[in-house]
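Undergrad: Take a look at coords.tsv, TSV, C-alpha atoms and all ligand atoms:
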chain	number	residue	atom	x	y	z
Z	187	MET	CA	161.24	9.54	124.22
Z	188	ALA	CA	159.24	12.37	122.71
Z	189	ASN	CA	162.11	12.99	120.35
Z	190	ARG	CA	162.04	9.66	118.56
Z	191	ASP	CA	160.67	9.69	115.06
Z	192	TYR	CA	157.02	8.60	115.15
Z	193	TYR	CA	157.33	6.66	111.92
Z	194	ASP	CA	160.25	4.68	113.38
Z	195	VAL	CA	158.30	4.06	116.55
Z	196	LEU	CA	155.51	2.36	114.63
Z	197	GLY	CA	157.90	0.79	112.12
Z	198	ILE	CA	156.26	2.40	109.12
Z	199	SER	CA	157.23	4.87	106.42
Z	200	LYS	CA	155.98	8.32	105.52
Z	201	THR	CA	154.10	7.05	102.52
Z	202	ASP	CA	152.10	4.42	104.38
Z	203	THR	CA	148.34	4.74	104.43
Z	204	ASP	CA	146.08	5.32	107.41
Z	205	GLU	CA	145.20	1.64	107.33
Z	206	ASP	CA	148.90	0.69	107.49
Z	207	ILE	CA	149.33	2.98	110.47
Z	208	ARG	CA	146.34	1.47	112.22
Z	209	LYS	CA	147.60	-2.08	111.67
Z	210	ALA	CA	151.13	-1.24	112.79
Z	211	PHE	CA	149.78	0.39	115.91
Z	212	ARG	CA	147.58	-2.55	116.85
Z	213	LYS	CA	150.46	-4.93	116.44
Z	214	LYS	CA	152.86	-2.83	118.48
Z	215	ALA	CA	150.29	-2.04	121.16
Z	216	MET	CA	149.64	-5.75	121.66
Z	217	GLU	CA	153.34	-6.48	121.80
Z	218	TYR	CA	154.25	-3.83	124.37
Z	219	HIS	CA	151.22	-3.63	126.55
Z	220	PRO	CA	152.65	-3.73	130.10
Z	221	ASP	CA	150.17	-6.33	131.22
Z	222	ARG	CA	151.45	-8.69	128.54
Z	223	ASN	CA	155.07	-7.63	128.21
Z	224	LYS	CA	157.06	-7.86	131.42
Z	225	ASN	CA	160.25	-6.21	130.14
Z	226	SER	CA	161.20	-3.20	132.20
Z	227	ASP	CA	160.97	-0.81	129.26
Z	228	ALA	CA	157.60	-2.08	128.04
Z	229	GLU	CA	155.56	0.67	129.61
Z	230	ALA	CA	157.75	3.42	128.22
Z	231	LYS	CA	157.61	1.79	124.80
Z	232	PHE	CA	153.87	1.46	125.02
Z	233	LYS	CA	153.47	5.16	125.77
Z	234	GLU	CA	155.74	6.01	122.90
Z	235	ILE	CA	153.69	3.90	120.54
Z	236	ASN	CA	150.54	5.60	121.69
Z	237	GLU	CA	151.99	9.03	121.29
Z	238	ALA	CA	153.10	8.25	117.76
Z	239	TYR	CA	149.71	6.86	116.90
Z	240	GLN	CA	147.86	9.86	118.31
Z	241	VAL	CA	149.69	12.06	115.86
Z	242	LEU	CA	149.96	9.89	112.77
Z	243	SER	CA	146.34	8.70	112.86
Z	244	ASP	CA	145.08	12.28	112.69
Z	245	PRO	CA	145.49	13.67	109.13
Z	246	ASN	CA	145.93	17.25	110.37
Z	247	LYS	CA	148.45	16.35	113.05
Z	248	ARG	CA	150.26	14.06	110.67
Z	249	ALA	CA	150.63	16.85	108.12
Z	250	GLN	CA	151.88	19.19	110.85
Z	251	TYR	CA	154.32	16.55	112.04
Z	252	ASN	CA	155.64	15.97	108.54
Z	253	ARG	CA	156.32	19.67	108.16
Z	254	PHE	CA	157.48	20.71	111.61
Z	255	GLY	CA	158.31	17.57	113.54
Z	256	ALA	CA	157.14	16.92	117.08
Z	257	ALA	CA	157.03	20.64	117.88
Z	258	GLY	CA	154.42	21.12	115.18
Z	259	VAL	CA	151.91	18.88	116.95
Z	260	GLY	CA	152.59	20.26	120.41
Z	261	SER	CA	153.96	16.94	121.55
Z	262	ASN	CA	154.33	16.85	125.29
Z	263	GLY	CA	155.26	13.29	125.98
Z	264	GLY	CA	151.80	11.86	126.29
Z	265	ASP	CA	150.04	14.38	128.45
Z	266	ARG	CA	146.76	13.83	126.59
Z	267	PRO	CA	147.57	10.47	125.18
Z	268	PHE	CA	144.54	8.37	124.63
Z	269	GLU	CA	141.88	9.44	122.25
Z	270	GLY	CA	140.33	7.74	119.26
Z	271	PHE	CA	139.55	4.27	120.51
Z	272	ASP	CA	137.29	3.75	117.54
Z	273	VAL	CA	140.06	1.83	115.82
Z	274	PHE	CA	139.36	-1.08	118.11
Z	275	GLY	CA	135.70	-1.31	117.37
Z	276	GLY	CA	134.07	-3.77	119.70
Z	277	PHE	CA	137.13	-4.07	121.92
Z	278	GLY	CA	136.84	-0.45	122.98
Z	279	ASP	CA	135.96	-1.04	126.59
Z	280	ILE	CA	138.77	-3.44	127.21
Z	281	PHE	CA	141.36	-1.22	125.62
Z	282	ASP	CA	139.94	1.79	127.40
Z	283	SER	CA	140.64	0.18	130.68
Z	284	PHE	CA	144.09	-1.08	129.93
Z	285	PHE	CA	145.14	2.18	128.32
Z	286	GLY	CA	144.04	4.00	131.44
Z	287	ASP	CA	146.21	1.66	133.43
Z	288	ALA	CA	149.19	1.99	131.15
Z	289	THR	CA	149.52	5.69	131.74
Z	290	GLY	CA	149.93	5.11	135.43
Z	291	ARG	CA	147.99	8.30	136.06
Z	292	ARG	CA	145.30	8.88	138.54
Z	293	THR	CA	141.86	8.88	137.15
Z	294	ARG	CA	141.09	12.27	138.61
Z	295	GLU	CA	142.69	14.80	136.29
Z	296	ALA	CA	144.04	18.24	136.96
Z	297	GLN	CA	141.81	20.82	135.33
Z	298	ARG	CA	143.14	24.06	133.96
Z	299	GLY	CA	141.26	27.15	135.15
Z	300	SER	CA	139.00	29.00	132.73
Z	301	ASP	CA	140.07	32.07	130.81
Z	302	ILE	CA	138.31	35.33	131.55
Z	303	GLN	CA	137.41	38.03	129.05
Z	304	GLN	CA	137.02	41.70	129.78
Z	305	ASN	CA	136.54	44.68	127.50
Z	306	VAL	CA	138.01	48.13	127.75
Z	307	VAL	CA	137.04	51.14	125.68
Z	308	LEU	CA	139.85	53.57	124.94
Z	309	THR	CA	139.81	57.09	123.62
Z	310	PHE	CA	141.47	57.46	120.26
Z	311	GLU	CA	144.43	59.20	121.92
Z	312	GLU	CA	144.84	56.35	124.42
Z	313	SER	CA	144.99	53.83	121.61
Z	314	VAL	CA	147.72	55.88	119.96
Z	315	PHE	CA	149.89	56.52	123.01
Z	316	GLY	CA	148.99	53.56	125.23
Z	317	ALA	CA	147.07	53.51	128.48
Z	318	GLU	CA	146.90	51.97	131.90
Z	319	ARG	CA	143.52	50.61	132.89
Z	320	GLU	CA	142.00	48.75	135.78
Z	321	VAL	CA	139.55	46.01	134.99
Z	322	GLU	CA	137.30	44.51	137.61
Z	323	ILE	CA	136.79	40.78	137.45
Z	324	ASN	CA	135.16	38.11	139.54
Z	325	ARG	CA	137.19	34.93	139.49
Z	326	LEU	CA	137.76	31.61	141.21
Z	327	GLU	CA	140.91	31.64	143.28
Z	328	LYS	CA	142.59	29.19	145.56
Z	329	CYS	CA	140.78	29.33	148.89
Z	330	GLN	CA	142.85	31.54	151.17
Z	331	LYS	CA	141.68	29.94	154.37
Z	332	CYS	CA	142.78	26.38	153.53
Z	333	SER	CA	145.38	27.27	150.86
Z	334	GLY	CA	143.33	25.22	148.42
Z	335	GLN	CA	143.71	22.02	150.46
Z	336	GLY	CA	140.00	21.81	151.22
Z	337	ASN	CA	140.31	20.95	154.90
Z	338	GLU	CA	139.44	23.22	157.80
Z	339	PRO	CA	142.85	24.44	158.96
Z	340	GLY	CA	144.16	22.29	161.81
Z	341	THR	CA	142.12	19.24	160.83
Z	342	PRO	CA	143.81	16.24	159.22
Z	343	ILE	CA	143.85	15.09	155.62
Z	344	ASN	CA	143.99	11.32	155.71
Z	345	THR	CA	145.31	8.93	153.14
Z	346	CYS	CA	142.34	7.14	151.63
Z	347	ALA	CA	142.01	3.71	153.23
Z	348	THR	CA	140.25	2.20	150.24
Z	349	CYS	CA	142.88	2.96	147.60
Z	350	ARG	CA	145.81	3.56	150.00
Z	351	GLY	CA	146.41	6.94	148.40
Z	352	ASN	CA	146.53	5.77	144.78
Z	353	GLY	CA	143.25	7.36	143.82
Z	354	GLN	CA	142.38	4.29	141.78
Z	355	VAL	CA	141.36	0.72	142.36
Z	356	ARG	CA	142.39	-2.24	140.22
Z	357	ARG	CA	140.25	-5.12	139.28
Z	358	ALA	CA	141.29	-8.19	137.28
Z	359	GLN	CA	139.18	-8.79	134.19
Z	360	ARG	CA	139.18	-11.56	131.63
Z	361	SER	CA	138.91	-10.76	127.94
Z	362	VAL	CA	139.68	-12.15	124.52
Z	363	PHE	CA	143.24	-10.95	124.96
Z	364	GLY	CA	143.68	-12.81	128.19
Z	365	GLN	CA	143.54	-11.35	131.67
Z	366	PHE	CA	143.73	-7.58	132.09
Z	367	THR	CA	143.66	-5.35	135.05
Z	368	GLN	CA	140.87	-2.85	134.99
Z	369	VAL	CA	141.51	0.37	136.82
Z	370	THR	CA	138.84	2.80	137.96
Z	371	ALA	CA	138.77	5.92	140.07
Z	372	CYS	CA	138.47	5.20	143.75
Z	373	ALA	CA	134.87	5.86	144.72
Z	374	ALA	CA	135.71	6.51	148.35
Z	375	CYS	CA	137.91	9.55	147.62
Z	376	GLN	CA	136.77	10.43	144.04
Z	377	GLY	CA	140.28	9.64	142.88
Z	378	ARG	CA	142.01	12.15	145.18
Z	379	GLY	CA	143.84	9.53	147.18
Z	380	SER	CA	143.03	11.37	150.37
Z	381	THR	CA	140.01	12.16	152.48
Z	382	ILE	CA	139.20	15.32	154.34
Z	383	VAL	CA	137.81	14.85	157.81
Z	384	THR	CA	136.46	18.37	158.28
Z	385	PRO	CA	135.92	20.37	155.08
Z	386	CYS	CA	137.01	24.00	155.02
Z	387	GLN	CA	134.04	26.18	155.90
Z	388	THR	CA	134.88	28.82	153.33
Z	389	CYS	CA	135.15	26.62	150.24
Z	390	ARG	CA	133.22	23.58	151.57
Z	391	GLY	CA	136.19	21.40	150.76
Z	392	GLY	CA	136.50	22.39	147.09
Z	393	GLY	CA	139.66	24.40	147.66
Z	394	LEU	CA	138.43	27.36	145.56
Z	395	GLU	CA	136.58	30.56	146.33
Z	396	ARG	CA	135.25	33.49	144.28
Z	397	ARG	CA	136.88	36.85	144.65
Z	398	GLN	CA	136.36	40.29	143.20
Z	399	ARG	CA	139.64	41.65	141.87
Z	400	LYS	CA	140.87	44.82	140.24
Z	401	ILE	CA	143.62	44.05	137.76
Z	402	SER	CA	145.79	46.72	136.28
Z	403	VAL	CA	146.33	46.36	132.53
Z	404	ARG	CA	148.96	48.15	130.51
Z	405	ILE	CA	147.72	48.71	127.00
Z	406	PRO	CA	150.56	49.30	124.55
Z	407	ALA	CA	150.78	52.33	122.29
Z	408	GLY	CA	149.44	51.75	118.81
Z	409	VAL	CA	146.81	49.22	119.84
Z	410	GLU	CA	143.88	48.85	117.46
Z	411	ALA	CA	140.22	48.13	118.04
Z	412	GLY	CA	139.66	44.36	118.15
Z	413	MET	CA	143.08	43.53	119.60
Z	414	GLN	CA	143.40	41.80	122.92
Z	415	VAL	CA	145.96	41.95	125.69
Z	416	ARG	CA	146.71	38.67	127.41
Z	417	LEU	CA	147.54	38.57	131.10
Z	418	SER	CA	148.85	35.08	131.70
Z	419	GLY	CA	147.74	33.43	134.90
Z	420	GLU	CA	145.18	36.11	135.78
Z	421	GLY	CA	142.20	33.91	134.91
Z	422	GLU	CA	140.47	31.40	137.14
Z	423	ALA	CA	142.39	28.99	139.36
Z	424	GLY	CA	142.72	25.39	138.18
Z	425	GLN	CA	141.38	22.38	140.01
Z	426	ASP	CA	143.31	19.49	141.48
Z	427	GLY	CA	146.64	21.06	140.64
Z	428	GLY	CA	145.66	22.37	137.22
Z	429	SER	CA	147.22	25.60	135.99
Z	430	THR	CA	145.49	28.98	136.18
Z	431	GLY	CA	143.67	30.39	133.15
Z	432	ASN	CA	144.43	33.70	131.45
Z	433	LEU	CA	142.75	37.06	131.42
Z	434	TYR	CA	142.10	38.48	127.95
Z	435	VAL	CA	141.36	42.17	127.72
Z	436	TYR	CA	139.64	43.14	124.47
Z	437	VAL	CA	140.24	46.63	123.26
Z	438	ASP	CA	137.66	48.89	121.67
Z	439	VAL	CA	138.51	52.40	120.51
Z	440	ARG	CA	136.23	55.42	120.28
Z	441	ALA	CA	136.19	57.39	117.06
Z	442	HIS	CA	138.05	60.69	117.00
Z	443	GLU	CA	136.43	64.01	116.24
Z	444	PHE	CA	138.53	64.59	113.13
Z	445	PHE	CA	141.28	61.97	112.88
Z	446	GLN	CA	140.91	58.59	111.31
Z	447	ARG	CA	143.27	55.68	111.31
Z	448	ASP	CA	144.75	53.92	108.31
Z	449	ASP	CA	147.12	51.24	109.59
Z	450	SER	CA	149.75	53.34	111.35
Z	451	ASP	CA	148.92	56.58	109.56
Z	452	LEU	CA	146.62	59.28	110.83
Z	453	ILE	CA	144.26	60.76	108.28
Z	454	TYR	CA	143.08	64.33	108.63
Z	455	GLU	CA	140.60	65.74	106.16
Z	456	MET	CA	141.33	69.41	105.89
Z	457	PRO	CA	138.56	71.67	104.62
Z	458	ILE	CA	139.80	74.50	102.42
Z	459	THR	CA	137.86	77.09	100.49
Z	460	TYR	CA	137.85	77.41	96.76
Z	461	ALA	CA	139.88	80.60	96.96
Z	462	GLU	CA	142.48	79.00	99.26
Z	463	ALA	CA	142.86	76.11	96.85
Z	464	VAL	CA	143.28	78.36	93.87
Z	465	LEU	CA	145.56	80.96	95.43
Z	466	GLY	CA	147.45	78.83	97.91
Z	467	THR	CA	147.60	79.53	101.61
Z	468	GLU	CA	148.93	78.39	104.95
Z	469	LYS	CA	146.71	76.22	107.13
Z	470	GLU	CA	146.86	75.06	110.71
Z	471	VAL	CA	146.84	71.28	110.98
Z	472	PRO	CA	146.10	69.69	114.37
Z	473	THR	CA	148.36	66.87	115.53
Z	474	LEU	CA	147.97	64.42	118.44
Z	475	ASP	CA	151.30	65.45	119.95
Z	476	SER	CA	150.98	67.66	123.00
Z	477	ASN	CA	154.41	69.19	122.34
Z	478	GLU	CA	153.27	70.30	118.89
Z	479	PRO	CA	149.50	70.54	118.83
Z	480	ILE	CA	149.46	72.61	115.63
Z	481	ARG	CA	151.57	72.26	112.51
Z	482	ILE	CA	151.51	75.01	109.86
Z	483	LEU	CA	151.12	73.48	106.43
Z	484	LYS	CA	151.77	75.39	103.23
Z	485	ILE	CA	149.08	74.79	100.62
Z	486	PRO	CA	150.44	75.64	97.19
Z	487	GLN	CA	148.35	77.48	94.65
Z	488	GLY	CA	146.23	75.31	92.42
Z	489	THR	CA	145.78	72.58	95.01
Z	490	GLN	CA	143.14	70.06	93.95
Z	491	HIS	CA	140.42	68.36	95.95
Z	492	GLY	CA	141.74	65.11	97.42
Z	493	ALA	CA	145.37	66.21	97.28
Z	494	GLU	CA	147.41	64.66	100.08
Z	495	PHE	CA	150.19	66.15	102.20
Z	496	ARG	CA	152.33	63.96	104.42
Z	497	ILE	CA	153.66	65.09	107.79
Z	498	LYS	CA	156.35	62.59	108.74
Z	499	ASP	CA	156.31	60.68	112.04
Z	500	LYS	CA	153.17	62.30	113.41
Z	501	GLY	CA	151.08	59.16	112.95
Z	502	ILE	CA	150.51	56.14	115.16
Z	503	PRO	CA	153.33	54.12	116.76
Z	504	HIS	CA	153.85	50.59	115.46
Z	505	ILE	CA	152.79	48.34	118.28
Z	506	HIS	CA	156.02	46.32	118.31
Z	507	SER	CA	158.58	49.00	117.50
Z	508	ASN	CA	159.44	52.63	118.08
Z	509	ARG	CA	158.62	53.64	114.55
Z	510	ARG	CA	155.66	55.91	113.88
Z	511	GLY	CA	153.42	56.33	110.92
Z	512	ASP	CA	152.71	59.65	109.23
Z	513	LEU	CA	149.98	62.23	109.49
Z	514	ARG	CA	148.34	62.43	106.07
Z	515	VAL	CA	146.42	65.61	105.35
Z	516	VAL	CA	143.78	65.15	102.67
Z	517	VAL	CA	142.35	68.28	101.06
Z	518	ASP	CA	138.59	68.58	101.26
Z	519	LEU	CA	137.58	71.37	98.90
Z	520	GLN	CA	134.52	73.20	100.19
Z	521	VAL	CA	132.21	74.50	97.52
Z	522	PRO	CA	129.97	77.23	98.95
Z	523	ARG	CA	126.29	76.32	98.91
Z	524	LYS	CA	125.06	79.92	99.12
Z	525	LEU	CA	126.52	83.20	97.89
Z	526	ASN	CA	125.60	86.76	98.75
Z	527	GLU	CA	125.26	89.33	96.02
Z	528	GLU	CA	128.82	90.61	96.30
Z	529	GLN	CA	130.26	87.09	96.15
Z	530	ARG	CA	128.08	86.19	93.22
Z	531	GLN	CA	129.19	89.23	91.24
Z	532	ALA	CA	132.83	88.55	91.98
Z	533	LEU	CA	132.52	84.95	90.85
Z	534	GLU	CA	130.64	85.91	87.72
Z	535	ALA	CA	133.39	88.35	86.84
Z	536	PHE	CA	135.87	85.55	87.42
Z	537	ALA	CA	133.84	83.19	85.29
Z	538	GLN	CA	133.93	85.70	82.44
Z	539	THR	CA	137.70	85.71	82.52
Z	540	LEU	CA	137.61	81.90	82.20
Z	541	SER	CA	135.25	81.92	79.23
Z	542	SER	CA	137.30	84.64	77.56
Z	543	GLY	CA	140.38	82.49	77.96
Z	544	ILE	CA	142.27	85.02	80.01
Z	545	GLY	CA	144.51	84.09	82.85
Z	546	VAL	CA	143.73	80.39	82.89
Z	547	LYS	CA	147.24	79.13	82.41
Z	548	ASP	CA	148.73	80.38	85.60
Z	549	ALA	CA	146.50	81.92	88.20
Z	550	GLY	CA	148.71	84.75	89.43
Z	551	GLY	CA	151.59	82.44	90.02
Z	552	SER	CA	155.29	83.06	90.26
Z	553	GLY	CA	155.69	82.90	86.50
Z	554	SER	CA	153.61	86.02	85.89
Z	555	GLN	CA	156.53	88.42	85.70
Z	556	SER	CA	158.26	86.75	82.82
Z	557	ASP	CA	154.92	86.60	81.05
Z	558	ASP	CA	154.55	90.32	81.41
Z	559	SER	CA	157.97	91.01	80.05
Z	560	ASN	CA	157.09	89.24	76.81
Z	561	PRO	CA	153.60	90.41	75.97
Z	562	GLY	CA	152.03	88.59	73.09
Z	563	SER	CA	154.57	85.82	73.08
Z	564	ASP	CA	152.59	83.36	75.20
Z	565	GLY	CA	149.39	83.55	73.23
Z	566	GLN	CA	147.26	84.40	76.20
Z	567	ASN	CA	145.99	87.59	74.73
Z	568	GLN	CA	145.39	86.31	71.25
Z	569	ASN	CA	141.81	85.28	71.95
Z	570	GLY	CA	141.16	87.97	74.52
Z	571	GLN	CA	138.97	90.99	74.19
Z	572	PRO	CA	140.73	93.47	72.02
Z	573	GLY	CA	142.08	96.38	73.93
Z	574	SER	CA	140.73	95.22	77.22
Z	575	GLY	CA	144.23	95.45	78.65
Z	576	HIS	CA	143.86	92.40	80.85
Z	577	SER	CA	147.09	91.37	82.43
Z	578	LYS	CA	148.19	88.80	84.98
Z	579	ASP	CA	148.18	91.43	87.66
Z	580	ASP	CA	144.57	92.19	86.96
Z	581	ASP	CA	143.76	88.49	87.32
Z	582	LYS	CA	145.60	88.33	90.56
Z	583	GLY	CA	143.63	91.28	91.86
Z	584	LEU	CA	140.42	89.57	90.88
Z	585	PHE	CA	141.42	86.37	92.67
Z	586	ASN	CA	142.23	88.28	95.77
Z	587	ARG	CA	138.87	89.98	95.62
Z	588	ILE	CA	137.22	86.58	95.36
Z	589	LYS	CA	139.29	85.40	98.24
Z	590	ASP	CA	138.24	88.39	100.28
Z	591	VAL	CA	134.56	87.87	99.67
Z	592	LEU	CA	134.55	84.08	99.89
Z	593	GLY	CA	136.89	83.78	102.82
X	601	ZN	ZN	139.01	26.39	151.79
X	602	ZN	ZN	140.57	6.39	147.53
Give the structure from this file in structure tokens form.

TA:
Amino acid sequence: MANRDYYDVLGISKTDTDEDIRKAFRKKAMEYHPDRNKNSDAEAKFKEINEAYQVLSDPNKRAQYNRFGAAGVGSNGGDRPFEGFDVFGGFGDIFDSFFGDATGRRTREAQRGSDIQQNVVLTFEESVFGAEREVEINRLEKCQKCSGQGNEPGTPINTCATCRGNGQVRRAQRSVFGQFTQVTACAACQGRGSTIVTPCQTCRGGGLERRQRKISVRIPAGVEAGMQVRLSGEGEAGQDGGSTGNLYVYVDVRAHEFFQRDDSDLIYEMPITYAEAVLGTEKEVPTLDSNEPIRILKIPQGTQHGAEFRIKDKGIPHIHSNRRGDLRVVVDLQVPRKLNEEQRQALEAFAQTLSSGIGVKDAGGSGSQSDDSNPGSDGQNQNGQPGSGHSKDDDKGLFNRIKDVLG
């Protein structure tokens, strides 16, 4: 019945207003109420009408239903059917009682167990490669001694004499709609339908007991701070046949000494000296992979501050696939705060070559040989000191001296 179109059930169209829906529902509910309509399918019809009304009278649910159908509103055939009695105004009480009856349910409802939250703190490496953790929780479980029945083992559970096991008692009641049957929870058994002669000593008849548990949690590779892992059915036990809650494990991640995370990429800020940036060098880059803890990275001459080098597939695994991000190496140019006398002189000599316009085009690079073979053709010496005899090789020697003194 859950599959029938809700608009058809109420005999209305998609464009009808809330007021139209309300009127249609009242009319249909009157017509099919099982206490008034003795046809064998009346009760089923009545439930169907209610289900349709629950959805279409709620603007959010109605919008969901229009877009996605019954699945969009989590329709489950009237599991939580009767809310929103306000439409009946002063008749609320009467309808309350006959709706309760129409469902044919017991008044005592199964209660789902609570969810439990726990936190774990992972190292950065654990978040990248995954981890196995034990969390300790204290939760309500079904009493082991009585298997949740509530009676001391070996003692009887009797059918309630008052309600004969129904869990509810009926009472005829007159109203403006005629005579209705009012149904309430049986007071003698609190709606259980049965009575326990001798309550279980462990749970005092409640059927539940608290237990300390260690639960093992597998945390997937690539997890990020703020994510949670759900362990279905590891929460607290439900009551009166209700399902068990879930355990949610929230993940926090410690910062790493020198790696940072950007989505699935690792970021490594690599300090290099001025001389290394100018002349080029080879640097050791740490990775998180134990089979390759160090990667040698070639830094070309003339590398600028903030330049980025990408090492493929050395980043963080995507949480739902085997793919990995990259390791991005970002150049952090270190400018020395203090110089000794030798360093200062070397830099001053270098600065003079800059102000004299010598050697600025290509700092000792691979192109220097062709420059040398065509002296005067590249214009480098035109503004230079006459007769100083500066050449590329001299510049290169100066850079190397700077490199030597600056490290
Ligand atoms: Zn027990
Ligand atoms: Zn009873």

Undergrad: Residues within 7 Å of Gly511 of chain Z, please, as a list in words. Count all atoms listed in the file; anything in the same chain fewer than 2 positions from it doesn't count.

TA: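 Residues meeting the cut-off are Ser450, Asp451, Asp499, Lys500, Gly501, Ile502, Pro503, Arg509 and Leu513 of chain Z.
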
Undergrad: Report as a list of chain:residue names which protein, DNA and RNA residues come within 6 Å of ligand ZN 601 (chain X), using only C-alpha atoms and all ligand atoms.

TA: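 Protein and nucleic-acid residues within 6 Å of ligand ZN 601 (chain X): Z:Cys329, Z:Lys331, Z:Cys332, Z:Gly334, Z:Gly336, Z:Cys386, Z:Thr388, Z:Cys389, Z:Gly391, Z:Gly393.
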
Undergrad: Could you report the residues within 8 Å of ligand ZN 602 (chain X), using all atoms listed in the file, as a list in words?

TA: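 Here is the list of contacting residues: Thr345, Cys346, Ala347, Thr348, Cys349, Arg350, Gly351, Asn352, Gly353, Gln354, Val355, Ala371, Cys372, Ala373, Ala374, Cys375, Gln376, Gly377, Arg378, Gly379, Ser380 and Thr381 of chain Z.
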
Undergrad: Of the candidates Z:Glu217, Z:Asp512, Z:Glu528, Z:Glu318, which shows the shortest atom-to-atom distance to Thr473 of chain Z, using all atoms listed in the file?

TA: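 Using all atoms listed in the file, the shortest distance to Thr473 of chain Z belongs to Z:Asp512.
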
Undergrad: If we count all atoms listed in the file, what is near segment 297-301 of chain Z at a cut-off of 9 Å, once residues fewer than 4 positions away on the same chain are taken out, given as a PyMOL selection string?

TA: chain Z and resi 326+419-434

Undergrad: At what distance in Å, to one decimal, does atom CA of Tyr218 of chain Z lie from atom CA of Ala256 of chain Z?

TA: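 Separation between atom CA of Ala256 of chain Z and atom CA of Tyr218 of chain Z: 22.2 Å.
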